[in-house]
Amino acid sequence: MELLKVNSYLELQEKLKGTERAFLLLYKEGSPQSECALKNLESVEIPADKVVMMKANVGEVRDIHPVYNVSSVPTLLEFNGGEFKNVVKGCNPPDYYRAYIENSLFSSPLAEGEAPQKRVTVYTTPTCTWCNALKAHLRKHGIRFTEVDVASDPNAAEEMVSKSGQRGVPQADIDGEIIVGFDKVRINRILGING
């Protein structure tokens with residue numbers, strides 16, 4: 001799928017008008033991680049009438065990433081009804097992007113009076129058993145989250161350490177509150193999970 005090039009924040013706002021679902025990949029041309037994310041995202045086939053897919057090279061476009069507090073690329077921004085919703089960091093396999101975008105297309109809107117879910121990012125590595133336990137716990141309770149594999153994304157690993165001062169995983173960032181390890185009691189309290 002071809003990603004539409006975006007040259008400024010103003011142009012992004014114009015492209016978002018009237019869209020139900022949209023995604024913007026912030027990347028840096030020449031960076032191996034960014035080139036990987038761009039290639040994998042472009043290989044995903046999603047009907048153009050369902051979603052708007054865009055890209056912006058932060059080497060040329062410097063007014064988008066500060067608005068969304070993006071400090072490392074590649075980062076995929078998700079928009080719902082023109083409003084910023086979520087981020088996915090790093091280079092992910094095409095199947096991951098496909099599943100993420102399809103899940104976004106079929107996620108149900110909030111019920112009247114329902115509060116939006118807190119933004120949850122889980123920092124993991126592929127060999128971490130506690131990471132899998134944390135992800136399973138969140139899925140069991142219907143909590144949407146963004147997973148960031150810090151083993152394959154050095155920029156994300158640096159970002160994680162700068163937030164917590166710790167290198168160990170899992171780490172969860174829940175609306176800016178950092179939890180190191182699988183602290184089930186604290187996670188449940190912050191997210192309002194019973195059990």
# chains A, B, ... in the order shown; residues from 1 in each chain; ligands from 1
>>> residues_around(residues="Asp175 in chain A", least_positions_apart="2", cutoff="7 Å", atoms="only C-alpha atoms", output="ChimeraX atom specification")
/A:118-120,173,177
>>> write_last_selection(atoms="N, CA and C atoms", output="compact mmCIF listing (two decimals), in the first residue's frame")
# COMPACT_ATOMS: atom_id res chain seq x y z
N LYS A 118 -6.89 4.61 29.45
CA LYS A 118 -5.58 5.23 29.58
C LYS A 118 -4.65 4.66 28.51
N ARG A 119 -3.69 5.47 28.09
CA ARG A 119 -2.72 5.03 27.09
C ARG A 119 -1.70 4.12 27.77
N VAL A 120 -1.54 2.90 27.27
CA VAL A 120 -0.66 1.91 27.88
C VAL A 120 0.40 1.48 26.86
N ASP A 173 4.20 1.88 30.75
CA ASP A 173 3.97 3.32 30.84
C ASP A 173 2.46 3.51 30.69
N GLU A 177 2.74 7.20 33.92
CA GLU A 177 3.16 6.57 35.18
C GLU A 177 3.91 5.28 34.83
>>> residues_around(residues="Glu83 in chain A", least_positions_apart="4", cutoff="10 Å", atoms="only C-alpha atoms", output="PDB file with N, CA and C atoms, in the first residue's frame")
ATOM      1  N   GLN A  13      -3.094  18.071   9.274  1.00  0.00           N
ATOM      2  CA  GLN A  13      -4.422  18.447   9.757  1.00  0.00           C
ATOM      3  C   GLN A  13      -5.444  18.473   8.619  1.00  0.00           C
ATOM      4  N   LEU A  16      -6.348  14.900   7.687  1.00  0.00           N
ATOM      5  CA  LEU A  16      -7.138  14.222   8.715  1.00  0.00           C
ATOM      6  C   LEU A  16      -8.614  14.622   8.694  1.00  0.00           C
ATOM      7  N   LYS A  17      -8.912  15.761   8.099  1.00  0.00           N
ATOM      8  CA  LYS A  17     -10.306  16.237   8.073  1.00  0.00           C
ATOM      9  C   LYS A  17     -11.193  15.224   7.363  1.00  0.00           C
ATOM     10  N   THR A  19     -11.681  12.139   8.025  1.00  0.00           N
ATOM     11  CA  THR A  19     -11.256  10.726   8.052  1.00  0.00           C
ATOM     12  C   THR A  19     -11.783  10.059   9.310  1.00  0.00           C
ATOM     13  N   GLU A  20     -12.137   8.791   9.178  1.00  0.00           N
ATOM     14  CA  GLU A  20     -12.533   8.033  10.360  1.00  0.00           C
ATOM     15  C   GLU A  20     -11.303   7.407  11.009  1.00  0.00           C
ATOM     16  N   ARG A  21     -10.459   6.763  10.194  1.00  0.00           N
ATOM     17  CA  ARG A  21      -9.231   6.136  10.693  1.00  0.00           C
ATOM     18  C   ARG A  21      -8.065   6.593   9.816  1.00  0.00           C
ATOM     19  N   ALA A  22      -6.956   6.960  10.465  1.00  0.00           N
ATOM     20  CA  ALA A  22      -5.765   7.372   9.729  1.00  0.00           C
ATOM     21  C   ALA A  22      -4.523   7.005  10.535  1.00  0.00           C
ATOM     22  N   GLU A  78      -1.596   6.848  15.381  1.00  0.00           N
ATOM     23  CA  GLU A  78      -2.951   6.427  15.010  1.00  0.00           C
ATOM     24  C   GLU A  78      -3.914   7.570  15.321  1.00  0.00           C
ATOM     25  N   PHE A  79      -4.827   7.840  14.383  1.00  0.00           N
ATOM     26  CA  PHE A  79      -5.842   8.876  14.549  1.00  0.00           C
ATOM     27  C   PHE A  79      -7.219   8.262  14.357  1.00  0.00           C
TER      28      PHE A  79
END
>>> residues_around(residues="Gly18 in chain A", least_positions_apart="4", cutoff="9 Å", atoms="only C-alpha atoms", output="list in words")
Glu14, Gly81 and Gly82 of chain A
>>> write_last_selection(atoms="N, CA and C atoms", output="short mmCIF file (atom, residue, chain, number, x, y, z; two decimals), in the first residue's frame")
data_model
loop_
_atom_site.label_atom_id
_atom_site.label_comp_id
_atom_site.auth_asym_id
_atom_site.auth_seq_id
_atom_site.Cartn_x
_atom_site.Cartn_y
_atom_site.Cartn_z
N GLU A 14 -5.02 18.94 7.45
CA GLU A 14 -5.91 18.96 6.28
C GLU A 14 -6.28 17.54 5.86
N GLY A 81 -11.14 9.56 13.89
CA GLY A 81 -11.99 10.73 13.69
C GLY A 81 -11.20 12.04 13.69
N GLY A 82 -9.96 11.97 13.22
CA GLY A 82 -9.10 13.15 13.16
C GLY A 82 -8.38 13.45 14.46
#
>>> select_by_dssp(residues="range 87-159 of chain A", states="alpha helix (DSSP H)", output="count of residues only")
30
>>> closest_residue(among="A:Val51, A:Glu42, A:Leu3, A:Thr125", to="Pro154 in chain A", atoms="only C-alpha atoms")
A:Thr125
>>> select_by_dssp(residues="range 35-165 of chain A", states="strand (DSSP E or B)", output="list in words")
Val52, Met53, Met54, Lys55, Ala56, Asn57, Thr75, Leu76, Leu77, Glu78, Phe79, Asn80, Glu83, Phe84, Lys85, Asn86, Val87, Val88, Lys89, Val120, Thr121, Val122, Tyr123, Thr124, Thr146, Glu147, Val148 and Asp149 of chain A
>>> closest_atom_pairs(of="range 45-105 of chain A", to="range 157-168 of chain A", cutoff="12 Å", atoms="only C-alpha atoms", output="Markdown table")
| residue | atom | partner | partner_atom | distance |
| --- | --- | --- | --- | --- |
| A:Asn69 | CA | A:Glu159 | CA | 11.8 |
| A:Val70 | CA | A:Glu159 | CA | 10.2 |
| A:Ser71 | CA | A:Glu159 | CA | 7.8 |
| A:Ser72 | CA | A:Glu159 | CA | 7.7 |
| A:Val73 | CA | A:Glu159 | CA | 11.0 |
| A:Lys89 | CA | A:Ala157 | CA | 10.7 |
| A:Gly90 | CA | A:Ala157 | CA | 10.2 |
>>> residues_around(residues="Gln33 in chain A", least_positions_apart="6", cutoff="12 Å", atoms="only C-alpha atoms", output="list of chain:residue names")
A:Leu26, A:Tyr27, A:Lys39, A:Asn40, A:Ser72, A:Val73, A:Pro74, A:Thr75, A:Lys89, A:Gly90, A:Cys91, A:Asn92, A:Pro93, A:Ser152, A:Asp153, A:Pro154, A:Asn155, A:Ala156
>>> write_last_selection(atoms="N, CA and C atoms", output="mmCIF file, in the first residue's frame")
data_model
loop_
_atom_site.group_PDB
_atom_site.id
_atom_site.type_symbol
_atom_site.label_atom_id
_atom_site.label_comp_id
_atom_site.auth_asym_id
_atom_site.auth_seq_id
_atom_site.Cartn_x
_atom_site.Cartn_y
_atom_site.Cartn_z
ATOM 1 N N LEU A 26 6.061 8.306 11.232
ATOM 2 C CA LEU A 26 7.178 9.236 11.326
ATOM 3 C C LEU A 26 8.447 8.402 11.235
ATOM 4 N N TYR A 27 9.305 8.739 10.273
ATOM 5 C CA TYR A 27 10.511 7.946 10.053
ATOM 6 C C TYR A 27 11.652 8.873 9.671
ATOM 7 N N LYS A 39 9.183 -0.123 4.888
ATOM 8 C CA LYS A 39 9.037 -1.265 3.966
ATOM 9 C C LYS A 39 7.933 -2.205 4.441
ATOM 10 N N ASN A 40 7.938 -2.538 5.729
ATOM 11 C CA ASN A 40 6.947 -3.481 6.259
ATOM 12 C C ASN A 40 5.534 -2.905 6.213
ATOM 13 N N SER A 72 11.571 9.418 19.346
ATOM 14 C CA SER A 72 12.339 8.437 18.584
ATOM 15 C C SER A 72 11.503 7.959 17.406
ATOM 16 N N VAL A 73 12.195 7.617 16.340
ATOM 17 C CA VAL A 73 11.524 7.095 15.154
ATOM 18 C C VAL A 73 12.186 5.777 14.782
ATOM 19 N N PRO A 74 11.455 4.897 14.125
ATOM 20 C CA PRO A 74 10.122 5.066 13.565
ATOM 21 C C PRO A 74 9.020 4.980 14.622
ATOM 22 N N THR A 75 7.987 5.797 14.413
ATOM 23 C CA THR A 75 6.804 5.791 15.271
ATOM 24 C C THR A 75 5.577 5.929 14.387
ATOM 25 N N LYS A 89 5.726 2.101 18.366
ATOM 26 C CA LYS A 89 7.137 2.445 18.138
ATOM 27 C C LYS A 89 7.900 1.289 17.511
ATOM 28 N N GLY A 90 8.979 1.635 16.825
ATOM 29 C CA GLY A 90 9.905 0.650 16.289
ATOM 30 C C GLY A 90 9.466 0.062 14.965
ATOM 31 N N CYS A 91 10.297 -0.858 14.475
ATOM 32 C CA CYS A 91 9.979 -1.593 13.251
ATOM 33 C C CYS A 91 9.286 -2.887 13.655
ATOM 34 N N ASN A 92 8.096 -3.086 13.148
ATOM 35 C CA ASN A 92 7.334 -4.284 13.467
ATOM 36 C C ASN A 92 7.099 -5.092 12.194
ATOM 37 N N PRO A 93 6.879 -6.400 12.322
ATOM 38 C CA PRO A 93 6.630 -7.236 11.139
ATOM 39 C C PRO A 93 5.322 -6.828 10.445
ATOM 40 N N SER A 152 14.969 -4.928 19.801
ATOM 41 C CA SER A 152 15.166 -4.634 18.383
ATOM 42 C C SER A 152 15.127 -3.142 18.070
ATOM 43 N N ASP A 153 14.894 -2.304 19.078
ATOM 44 C CA ASP A 153 14.808 -0.861 18.849
ATOM 45 C C ASP A 153 15.627 -0.115 19.910
ATOM 46 N N PRO A 154 16.910 0.179 19.605
ATOM 47 C CA PRO A 154 17.778 0.847 20.579
ATOM 48 C C PRO A 154 17.251 2.215 21.022
ATOM 49 N N ASN A 155 16.600 2.944 20.124
ATOM 50 C CA ASN A 155 16.050 4.257 20.504
ATOM 51 C C ASN A 155 14.955 4.103 21.551
ATOM 52 N N ALA A 156 14.109 3.088 21.368
ATOM 53 C CA ALA A 156 13.041 2.841 22.343
ATOM 54 C C ALA A 156 13.634 2.397 23.680
#
>>> atom_distance(atom1="CA of Leu25 in chain A", atom2="CA of Met54 in chain A")
6.3 Å
>>> atom_distance(atom1="CA of Tyr97 in chain A", atom2="CA of Asn80 in chain A")
16.4 Å
>>> decode(residues="range 17-159 of chain A", atoms="C-alpha atoms", output="mmCIF file, in the first residue's frame")
data_model
loop_
_atom_site.group_PDB
_atom_site.id
_atom_site.type_symbol
_atom_site.label_atom_id
_atom_site.label_comp_id
_atom_site.auth_asym_id
_atom_site.auth_seq_id
_atom_site.Cartn_x
_atom_site.Cartn_y
_atom_site.Cartn_z
ATOM 1 C CA LYS A 17 -10.306 16.237 8.073
ATOM 2 C CA GLY A 18 -13.240 13.937 7.435
ATOM 3 C CA THR A 19 -11.256 10.726 8.052
ATOM 4 C CA GLU A 20 -12.533 8.033 10.360
ATOM 5 C CA ARG A 21 -9.231 6.136 10.693
ATOM 6 C CA ALA A 22 -5.765 7.372 9.729
ATOM 7 C CA PHE A 23 -2.151 6.440 10.430
ATOM 8 C CA LEU A 24 1.046 8.455 10.036
ATOM 9 C CA LEU A 25 4.508 6.872 10.070
ATOM 10 C CA LEU A 26 7.178 9.236 11.326
ATOM 11 C CA TYR A 27 10.511 7.946 10.053
ATOM 12 C CA LYS A 28 14.034 9.107 9.221
ATOM 13 C CA GLU A 29 15.282 8.375 5.737
ATOM 14 C CA GLY A 30 18.510 6.355 5.819
ATOM 15 C CA SER A 31 17.917 4.903 9.288
ATOM 16 C CA PRO A 32 17.817 1.066 9.153
ATOM 17 C CA GLN A 33 14.977 0.856 11.730
ATOM 18 C CA SER A 34 12.958 3.489 9.874
ATOM 19 C CA GLU A 35 13.539 1.899 6.463
ATOM 20 C CA CYS A 36 12.447 -1.447 7.966
ATOM 21 C CA ALA A 37 9.201 0.054 9.351
ATOM 22 C CA LEU A 38 8.443 1.865 6.074
ATOM 23 C CA LYS A 39 9.037 -1.265 3.966
ATOM 24 C CA ASN A 40 6.947 -3.481 6.259
ATOM 25 C CA LEU A 41 4.084 -0.983 6.483
ATOM 26 C CA GLU A 42 4.028 -0.465 2.706
ATOM 27 C CA SER A 43 3.747 -4.244 2.223
ATOM 28 C CA VAL A 44 0.451 -4.342 4.174
ATOM 29 C CA GLU A 45 -2.692 -4.353 2.008
ATOM 30 C CA ILE A 46 -5.545 -2.415 3.607
ATOM 31 C CA PRO A 47 -8.414 -1.082 1.450
ATOM 32 C CA ALA A 48 -7.835 2.654 0.841
ATOM 33 C CA ASP A 49 -11.532 3.381 1.440
ATOM 34 C CA LYS A 50 -11.193 2.100 5.033
ATOM 35 C CA VAL A 51 -8.112 3.994 6.226
ATOM 36 C CA VAL A 52 -5.728 6.804 5.241
ATOM 37 C CA MET A 53 -2.053 5.813 5.440
ATOM 38 C CA MET A 54 0.582 8.571 5.500
ATOM 39 C CA LYS A 55 4.308 9.063 6.082
ATOM 40 C CA ALA A 56 6.548 11.984 7.087
ATOM 41 C CA ASN A 57 10.345 12.028 7.037
ATOM 42 C CA VAL A 58 11.468 13.819 10.226
ATOM 43 C CA GLY A 59 14.680 14.795 8.418
ATOM 44 C CA GLU A 60 12.546 17.101 6.253
ATOM 45 C CA VAL A 61 9.375 17.649 8.303
ATOM 46 C CA ARG A 62 10.203 19.069 11.720
ATOM 47 C CA ASP A 63 6.878 20.375 12.994
ATOM 48 C CA ILE A 64 4.898 17.145 13.529
ATOM 49 C CA HIS A 65 6.835 15.023 16.039
ATOM 50 C CA PRO A 66 7.056 17.748 18.748
ATOM 51 C CA VAL A 67 3.240 18.113 18.738
ATOM 52 C CA TYR A 68 2.830 14.410 19.645
ATOM 53 C CA ASN A 69 5.898 14.214 21.942
ATOM 54 C CA VAL A 70 7.647 11.735 19.651
ATOM 55 C CA SER A 71 11.317 11.491 20.617
ATOM 56 C CA SER A 72 12.339 8.437 18.584
ATOM 57 C CA VAL A 73 11.524 7.095 15.154
ATOM 58 C CA PRO A 74 10.122 5.066 13.565
ATOM 59 C CA THR A 75 6.804 5.791 15.271
ATOM 60 C CA LEU A 76 3.366 5.078 13.841
ATOM 61 C CA LEU A 77 0.690 7.546 14.992
ATOM 62 C CA GLU A 78 -2.951 6.427 15.010
ATOM 63 C CA PHE A 79 -5.842 8.876 14.549
ATOM 64 C CA ASN A 80 -9.528 8.203 15.115
ATOM 65 C CA GLY A 81 -11.989 10.730 13.695
ATOM 66 C CA GLY A 82 -9.102 13.146 13.164
ATOM 67 C CA GLU A 83 -8.092 12.933 16.847
ATOM 68 C CA PHE A 84 -4.738 11.513 17.980
ATOM 69 C CA LYS A 85 -5.298 8.123 19.625
ATOM 70 C CA ASN A 86 -2.159 5.992 20.007
ATOM 71 C CA VAL A 87 1.444 5.261 18.981
ATOM 72 C CA VAL A 88 3.363 2.164 17.893
ATOM 73 C CA LYS A 89 7.137 2.445 18.138
ATOM 74 C CA GLY A 90 9.905 0.650 16.289
ATOM 75 C CA CYS A 91 9.979 -1.593 13.251
ATOM 76 C CA ASN A 92 7.334 -4.284 13.467
ATOM 77 C CA PRO A 93 6.630 -7.236 11.139
ATOM 78 C CA PRO A 94 3.987 -6.737 8.405
ATOM 79 C CA ASP A 95 1.619 -9.168 10.185
ATOM 80 C CA TYR A 96 1.779 -7.025 13.335
ATOM 81 C CA TYR A 97 0.946 -3.840 11.402
ATOM 82 C CA ARG A 98 -1.882 -5.608 9.542
ATOM 83 C CA ALA A 99 -3.403 -6.929 12.787
ATOM 84 C CA TYR A 100 -2.997 -3.578 14.545
ATOM 85 C CA ILE A 101 -4.655 -1.629 11.727
ATOM 86 C CA GLU A 102 -7.460 -4.179 11.298
ATOM 87 C CA ASN A 103 -8.121 -4.196 15.072
ATOM 88 C CA SER A 104 -8.302 -0.400 14.957
ATOM 89 C CA LEU A 105 -10.839 -0.554 12.140
ATOM 90 C CA PHE A 106 -13.101 -2.885 14.093
ATOM 91 C CA SER A 107 -12.729 -1.453 17.599
ATOM 92 C CA SER A 108 -16.007 -0.333 19.041
ATOM 93 C CA PRO A 109 -16.636 3.319 19.892
ATOM 94 C CA LEU A 110 -16.978 4.389 23.516
ATOM 95 C CA ALA A 111 -20.419 4.041 25.041
ATOM 96 C CA GLU A 112 -22.096 7.229 26.182
ATOM 97 C CA GLY A 113 -20.483 8.369 29.415
ATOM 98 C CA GLU A 114 -17.671 5.784 29.148
ATOM 99 C CA ALA A 115 -14.226 7.220 29.931
ATOM 100 C CA PRO A 116 -11.493 6.665 27.354
ATOM 101 C CA GLN A 117 -8.934 4.040 28.294
ATOM 102 C CA LYS A 118 -5.582 5.228 29.584
ATOM 103 C CA ARG A 119 -2.722 5.026 27.090
ATOM 104 C CA VAL A 120 -0.656 1.908 27.876
ATOM 105 C CA THR A 121 2.782 1.133 26.433
ATOM 106 C CA VAL A 122 4.528 -2.104 27.420
ATOM 107 C CA TYR A 123 8.300 -2.356 26.924
ATOM 108 C CA THR A 124 9.353 -5.963 26.328
ATOM 109 C CA THR A 125 11.962 -8.336 24.906
ATOM 110 C CA PRO A 126 11.182 -11.589 23.071
ATOM 111 C CA THR A 127 12.726 -13.849 25.753
ATOM 112 C CA CYS A 128 11.076 -12.226 28.800
ATOM 113 C CA THR A 129 8.546 -14.533 30.500
ATOM 114 C CA TRP A 130 7.225 -11.760 32.804
ATOM 115 C CA CYS A 131 6.608 -9.639 29.700
ATOM 116 C CA ASN A 132 4.359 -12.399 28.326
ATOM 117 C CA ALA A 133 2.568 -12.661 31.684
ATOM 118 C CA LEU A 134 1.918 -8.886 31.721
ATOM 119 C CA LYS A 135 0.633 -8.881 28.124
ATOM 120 C CA ALA A 136 -1.633 -11.875 28.817
ATOM 121 C CA HIS A 137 -3.026 -10.109 31.900
ATOM 122 C CA LEU A 138 -3.826 -6.948 29.918
ATOM 123 C CA ARG A 139 -5.435 -8.937 27.076
ATOM 124 C CA LYS A 140 -7.509 -10.983 29.551
ATOM 125 C CA HIS A 141 -9.010 -7.758 30.885
ATOM 126 C CA GLY A 142 -9.539 -6.143 27.470
ATOM 127 C CA ILE A 143 -6.867 -3.465 27.952
ATOM 128 C CA ARG A 144 -5.490 -2.152 24.651
ATOM 129 C CA PHE A 145 -1.756 -1.548 24.712
ATOM 130 C CA THR A 146 1.189 -0.785 22.474
ATOM 131 C CA GLU A 147 4.082 -3.216 22.719
ATOM 132 C CA VAL A 148 7.615 -1.954 22.149
ATOM 133 C CA ASP A 149 10.379 -4.560 21.693
ATOM 134 C CA VAL A 150 13.421 -2.799 23.173
ATOM 135 C CA ALA A 151 15.723 -5.609 22.024
ATOM 136 C CA SER A 152 15.166 -4.634 18.383
ATOM 137 C CA ASP A 153 14.808 -0.861 18.849
ATOM 138 C CA PRO A 154 17.778 0.847 20.579
ATOM 139 C CA ASN A 155 16.050 4.257 20.504
ATOM 140 C CA ALA A 156 13.041 2.841 22.343
ATOM 141 C CA ALA A 157 15.384 1.169 24.863
ATOM 142 C CA GLU A 158 17.027 4.555 25.538
ATOM 143 C CA GLU A 159 13.600 6.192 25.882
#
